[in-house]
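Q: Next comes run.txt, compact mmCIF, C-alpha atoms and all ligand atoms:
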```
# COMPACT_ATOMS: atom_id res chain seq x y z
CA MET T 25 0.00 0.00 0.00
CA ALA T 26 1.35 3.36 -0.95
CA ILE T 27 1.68 5.91 1.80
CA ARG T 28 -0.59 8.81 1.10
CA ILE T 29 0.09 10.62 4.34
CA LYS T 30 2.44 13.58 4.16
CA VAL T 31 4.52 15.44 6.70
CA GLY T 32 2.32 18.08 8.31
CA ASP T 33 -0.86 16.03 8.08
CA THR T 34 -2.88 15.37 11.20
CA VAL T 35 -3.50 11.74 12.03
CA LYS T 36 -5.37 9.91 14.74
CA ALA T 37 -4.17 6.83 16.59
CA LEU T 38 -6.45 3.83 16.13
CA SER T 39 -4.77 1.57 18.65
CA GLY T 40 -2.19 1.46 21.40
CA ASP T 41 -1.69 3.75 24.36
CA ASP T 42 -2.43 6.82 22.28
CA ARG T 43 -5.69 5.50 20.88
CA GLY T 44 -8.01 8.37 20.02
CA GLU T 45 -5.26 10.95 20.26
CA SER T 46 -4.32 12.97 17.24
CA GLY T 47 -1.16 14.74 16.25
CA ARG T 48 0.82 16.15 13.40
CA VAL T 49 3.06 13.94 11.28
CA THR T 50 6.67 15.08 11.57
CA ALA T 51 8.45 12.32 9.65
CA ILE T 52 7.68 9.41 7.35
CA TYR T 53 9.79 6.30 6.81
CA HIS T 54 8.56 4.99 3.50
CA GLY T 55 10.59 1.82 3.49
CA LYS T 56 9.31 0.78 6.88
CA ASN T 57 5.72 2.02 6.58
CA MET T 58 6.18 4.03 9.73
CA VAL T 59 5.46 7.59 10.73
CA VAL T 60 6.50 9.86 13.57
CA VAL T 61 3.63 11.79 15.07
CA GLU T 62 3.90 14.70 17.48
CA GLY T 63 3.01 13.59 20.99
CA MET T 64 2.50 9.95 20.04
CA ASN T 65 4.49 6.98 21.26
CA VAL T 66 6.67 9.21 23.38
CA VAL T 67 9.51 7.57 25.23
CA LYS T 68 11.53 9.16 27.96
CA LYS T 69 15.22 8.76 27.62
CA SER T 70 17.90 9.48 30.12
CA VAL T 71 20.50 11.71 28.61
CA ARG T 72 24.03 11.96 29.85
CA ARG T 73 25.56 15.31 30.32
CA SER T 74 27.24 16.48 27.16
CA GLN T 75 28.10 19.70 25.43
CA LYS T 76 24.76 19.63 23.69
CA ASN T 77 22.86 18.80 26.86
CA PRO T 78 24.86 20.35 29.68
CA GLN T 79 22.09 19.54 32.15
CA GLY T 80 21.70 15.94 31.16
CA GLY T 81 18.48 14.46 32.46
CA LYS T 82 15.38 13.26 30.72
CA LEU T 83 14.56 13.71 27.09
CA GLU T 84 11.19 12.99 25.59
CA LYS T 85 11.27 11.64 22.11
CA GLU T 86 8.58 10.43 19.75
CA MET T 87 9.23 6.99 18.32
CA PRO T 88 7.84 5.91 14.94
CA VAL T 89 4.52 4.07 14.83
CA GLN T 90 3.20 1.70 12.18
CA ILE T 91 1.30 3.66 9.59
CA SER T 92 -1.53 1.12 9.76
CA THR T 93 -2.23 2.17 13.36
CA VAL T 94 -3.04 5.75 12.44
CA GLN T 95 -5.69 7.27 10.24
CA PHE T 96 -5.65 10.53 8.35
CA VAL T 97 -7.74 13.34 9.82
CA CYS T 98 -9.31 15.45 7.11
CA PRO T 99 -8.56 19.17 7.60
CA ASP T 100 -11.98 19.99 6.21
CA CYS T 101 -14.53 17.65 7.76
CA ARG T 102 -12.30 17.00 10.83
CA GLN T 103 -12.97 13.30 10.85
CA SER T 104 -10.59 10.41 10.52
CA VAL T 105 -11.15 9.22 7.00
CA ARG T 106 -9.76 7.06 4.26
CA LEU T 107 -7.84 8.85 1.58
CA GLY T 108 -8.47 8.30 -2.07
CA THR T 109 -6.31 9.38 -4.97
CA ARG T 110 -7.23 10.38 -8.46
CA PHE T 111 -5.84 12.12 -11.50
CA LEU T 112 -7.10 15.48 -12.65
CA PRO T 113 -7.65 16.19 -16.36
CA ASP T 114 -4.30 18.03 -16.50
CA GLY T 115 -2.49 14.91 -15.30
CA SER T 116 -1.75 16.01 -11.77
CA LYS T 117 -2.50 13.59 -8.99
CA VAL T 118 -4.52 14.56 -5.95
CA ARG T 119 -5.49 12.99 -2.65
CA HIS T 120 -9.08 13.38 -1.63
CA CYS T 121 -11.27 12.77 1.38
CA ARG T 122 -13.53 9.75 1.12
CA ASN T 123 -16.00 10.89 3.73
CA THR T 124 -19.13 10.46 1.67
CA GLU T 125 -21.49 11.25 4.55
CA ALA T 126 -20.15 14.76 4.89
CA SER T 127 -19.84 15.07 1.10
CA CYS T 128 -16.46 16.56 1.84
CA SER T 129 -14.66 17.98 -1.16
CA TRP T 130 -11.22 18.37 0.37
CA GLU T 131 -8.36 17.46 -1.90
CA ASP T 132 -4.67 18.08 -2.03
CA GLU T 133 -2.17 17.79 -4.84
CA ILE T 134 0.35 14.98 -4.50
CA ALA T 135 2.19 15.23 -7.78
CA PRO T 136 2.14 17.81 -10.54
CA PRO T 137 1.51 16.75 -14.15
CA ASN T 138 4.57 15.10 -15.74
CA ALA T 139 5.79 13.85 -12.38
CA ALA T 140 3.21 11.09 -12.40
CA THR T 141 4.72 7.64 -12.27
ZN ZN T 201 -13.13 15.45 4.65
```
The structure in this file should be written as structure tokens.

A:
Amino acid sequence: MAIRIKVGDTVKALSGDDRGESGRVTAIYHGKNMVVVEGMNVVKKSVRRSQKNPQGGKLEKEMPVQISTVQFVCPDCRQSVRLGTRFLPDGSKVRHCRNTEASCSWEDEIAPPNAAT
């Protein structure tokens, strides 16, 4: 399955400790089908004193989560939805919201014409 989520998107956790929480995607690991989401799957690490961290102490860091455990939250209808993709007449590819109940018309360009693969 191709990853349609992009950095900056808001996603909602479907399972795990963060279930129901939502956050912004800060990184995507395409090869591993994982994403890093702000405030999700946070681990606390002890950090030794160093030049970078003169205080040492605890550092909170988000660890990647499986992309299948999160769902895209549509910026328009504000619901967690499935994303569809389609091509526009000019050849550009867009993502769109598949929330049919809200007849949401949100869409977002993924690839300009010519860049389609
Ligand atoms: Zn929507």

Q: Would you list the contacts of T:Glu86 as JSON, numbers by chain, taking every protein, DNA or RNA residue within 12 Å and counting all atoms listed in the file, but skipping same-chain residues closer than 3 positions in sequence?

A: {"T": [42, 47, 48, 49, 50, 51, 59, 60, 61, 62, 63, 64, 65, 66, 67, 68, 69, 83, 89]}

Q: Go through T:Met58, T:Ala126, T:Ile29, T:Ala37 one by one, measure the shortest atom-to-atom distance of each to T:Pro88 using only C-alpha atoms, and give the residue with the smallest value.

A: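 Smallest separation from T:Pro88 among the options: T:Met58.
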
Q: With a distance cut-off of 7 Å and all atoms listed in the file, select the neighbouring residues of stretch 99-113 of chain T, excluding the residue or stretch itself and same-chain residues fewer than 2 positions from it, and output the selection as a PyMOL selection string.

A: chain T and resi 36+95-97+115-123+126+128+130

Q: Looking at all atoms listed in the file, which of T:Arg43, T:Ile27, T:Asp114, T:Gly81 is the one that sits closest to T:Pro136?

A: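 Residue with the minimum atom-to-atom distance to T:Pro136: T:Asp114.
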
Q: Nearest to ligand ZN 201 (chain T): which of T:Cys98, T:Glu133, T:Ser127, T:Glu45 is it, counting all atoms listed in the file?

A: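 Of T:Cys98, T:Glu133, T:Ser127, T:Glu45, the one nearest ligand ZN 201 (chain T) is T:Cys98, counting all atoms listed in the file.
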
Q: Nearest to T:Asp33 among T:Asn138, T:Lys82, T:Arg73, T:Val94, with distances taken over only C-alpha atoms: which residue is it?

A: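 Among T:Asn138, T:Lys82, T:Arg73, T:Val94, it is T:Val94 that comes nearest to T:Asp33.
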
Q: Provide the atom CA of T:His54 to atom CA of T:Thr124 distance in Å, to one decimal place.

A: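 Taking atom CA of T:His54 as the start and atom CA of T:Thr124 as the end point, the length is 28.3 Å.
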
Q: At the level of N, CA and C atoms, write stretch 114-131 of chain T to a file as a PDB file, in the first residue's frame, please.

A:
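What landed in decode18.pdb:
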```pdb
ATOM      1  N   ASP T 114      -5.614  17.538 -16.057  1.00  0.00           N
ATOM      2  CA  ASP T 114      -4.301  18.029 -16.499  1.00  0.00           C
ATOM      3  C   ASP T 114      -3.180  17.046 -16.164  1.00  0.00           C
ATOM      4  N   GLY T 115      -3.506  15.925 -15.567  1.00  0.00           N
ATOM      5  CA  GLY T 115      -2.491  14.909 -15.303  1.00  0.00           C
ATOM      6  C   GLY T 115      -1.918  14.957 -13.903  1.00  0.00           C
ATOM      7  N   SER T 116      -2.266  15.970 -13.138  1.00  0.00           N
ATOM      8  CA  SER T 116      -1.754  16.009 -11.771  1.00  0.00           C
ATOM      9  C   SER T 116      -2.554  15.045 -10.903  1.00  0.00           C
ATOM     10  N   LYS T 117      -1.890  14.583  -9.859  1.00  0.00           N
ATOM     11  CA  LYS T 117      -2.504  13.586  -8.991  1.00  0.00           C
ATOM     12  C   LYS T 117      -2.882  14.247  -7.674  1.00  0.00           C
ATOM     13  N   VAL T 118      -4.077  13.960  -7.203  1.00  0.00           N
ATOM     14  CA  VAL T 118      -4.525  14.563  -5.951  1.00  0.00           C
ATOM     15  C   VAL T 118      -4.974  13.474  -4.973  1.00  0.00           C
ATOM     16  N   ARG T 119      -4.891  13.822  -3.689  1.00  0.00           N
ATOM     17  CA  ARG T 119      -5.491  12.994  -2.653  1.00  0.00           C
ATOM     18  C   ARG T 119      -6.855  13.613  -2.364  1.00  0.00           C
ATOM     19  N   HIS T 120      -7.802  12.796  -2.008  1.00  0.00           N
ATOM     20  CA  HIS T 120      -9.080  13.377  -1.633  1.00  0.00           C
ATOM     21  C   HIS T 120      -9.704  12.617  -0.474  1.00  0.00           C
ATOM     22  N   CYS T 121     -10.585  13.322   0.210  1.00  0.00           N
ATOM     23  CA  CYS T 121     -11.269  12.775   1.382  1.00  0.00           C
ATOM     24  C   CYS T 121     -12.386  11.859   0.916  1.00  0.00           C
ATOM     25  N   ARG T 122     -12.487  10.680   1.545  1.00  0.00           N
ATOM     26  CA  ARG T 122     -13.529   9.746   1.124  1.00  0.00           C
ATOM     27  C   ARG T 122     -14.704   9.714   2.094  1.00  0.00           C
ATOM     28  N   ASN T 123     -14.853  10.787   2.833  1.00  0.00           N
ATOM     29  CA  ASN T 123     -16.001  10.885   3.729  1.00  0.00           C
ATOM     30  C   ASN T 123     -17.236  11.243   2.909  1.00  0.00           C
ATOM     31  N   THR T 124     -17.980  10.224   2.539  1.00  0.00           N
ATOM     32  CA  THR T 124     -19.133  10.465   1.671  1.00  0.00           C
ATOM     33  C   THR T 124     -20.296  11.056   2.451  1.00  0.00           C
ATOM     34  N   GLU T 125     -20.373  10.730   3.742  1.00  0.00           N
ATOM     35  CA  GLU T 125     -21.485  11.247   4.551  1.00  0.00           C
ATOM     36  C   GLU T 125     -21.459  12.767   4.622  1.00  0.00           C
ATOM     37  N   ALA T 126     -20.265  13.313   4.777  1.00  0.00           N
ATOM     38  CA  ALA T 126     -20.153  14.763   4.894  1.00  0.00           C
ATOM     39  C   ALA T 126     -20.033  15.419   3.530  1.00  0.00           C
ATOM     40  N   SER T 127     -20.102  14.628   2.476  1.00  0.00           N
ATOM     41  CA  SER T 127     -19.837  15.067   1.105  1.00  0.00           C
ATOM     42  C   SER T 127     -18.721  16.108   1.082  1.00  0.00           C
ATOM     43  N   CYS T 128     -17.627  15.696   1.692  1.00  0.00           N
ATOM     44  CA  CYS T 128     -16.464  16.558   1.835  1.00  0.00           C
ATOM     45  C   CYS T 128     -15.726  16.641   0.509  1.00  0.00           C
ATOM     46  N   SER T 129     -15.319  17.841   0.141  1.00  0.00           N
ATOM     47  CA  SER T 129     -14.660  17.979  -1.164  1.00  0.00           C
ATOM     48  C   SER T 129     -13.188  18.330  -1.022  1.00  0.00           C
ATOM     49  N   TRP T 130     -12.632  18.066   0.157  1.00  0.00           N
ATOM     50  CA  TRP T 130     -11.219  18.375   0.366  1.00  0.00           C
ATOM     51  C   TRP T 130     -10.351  17.556  -0.571  1.00  0.00           C
ATOM     52  N   GLU T 131      -9.381  18.194  -1.169  1.00  0.00           N
ATOM     53  CA  GLU T 131      -8.361  17.458  -1.903  1.00  0.00           C
ATOM     54  C   GLU T 131      -7.063  18.230  -1.900  1.00  0.00           C
TER      55      GLU T 131
END
```
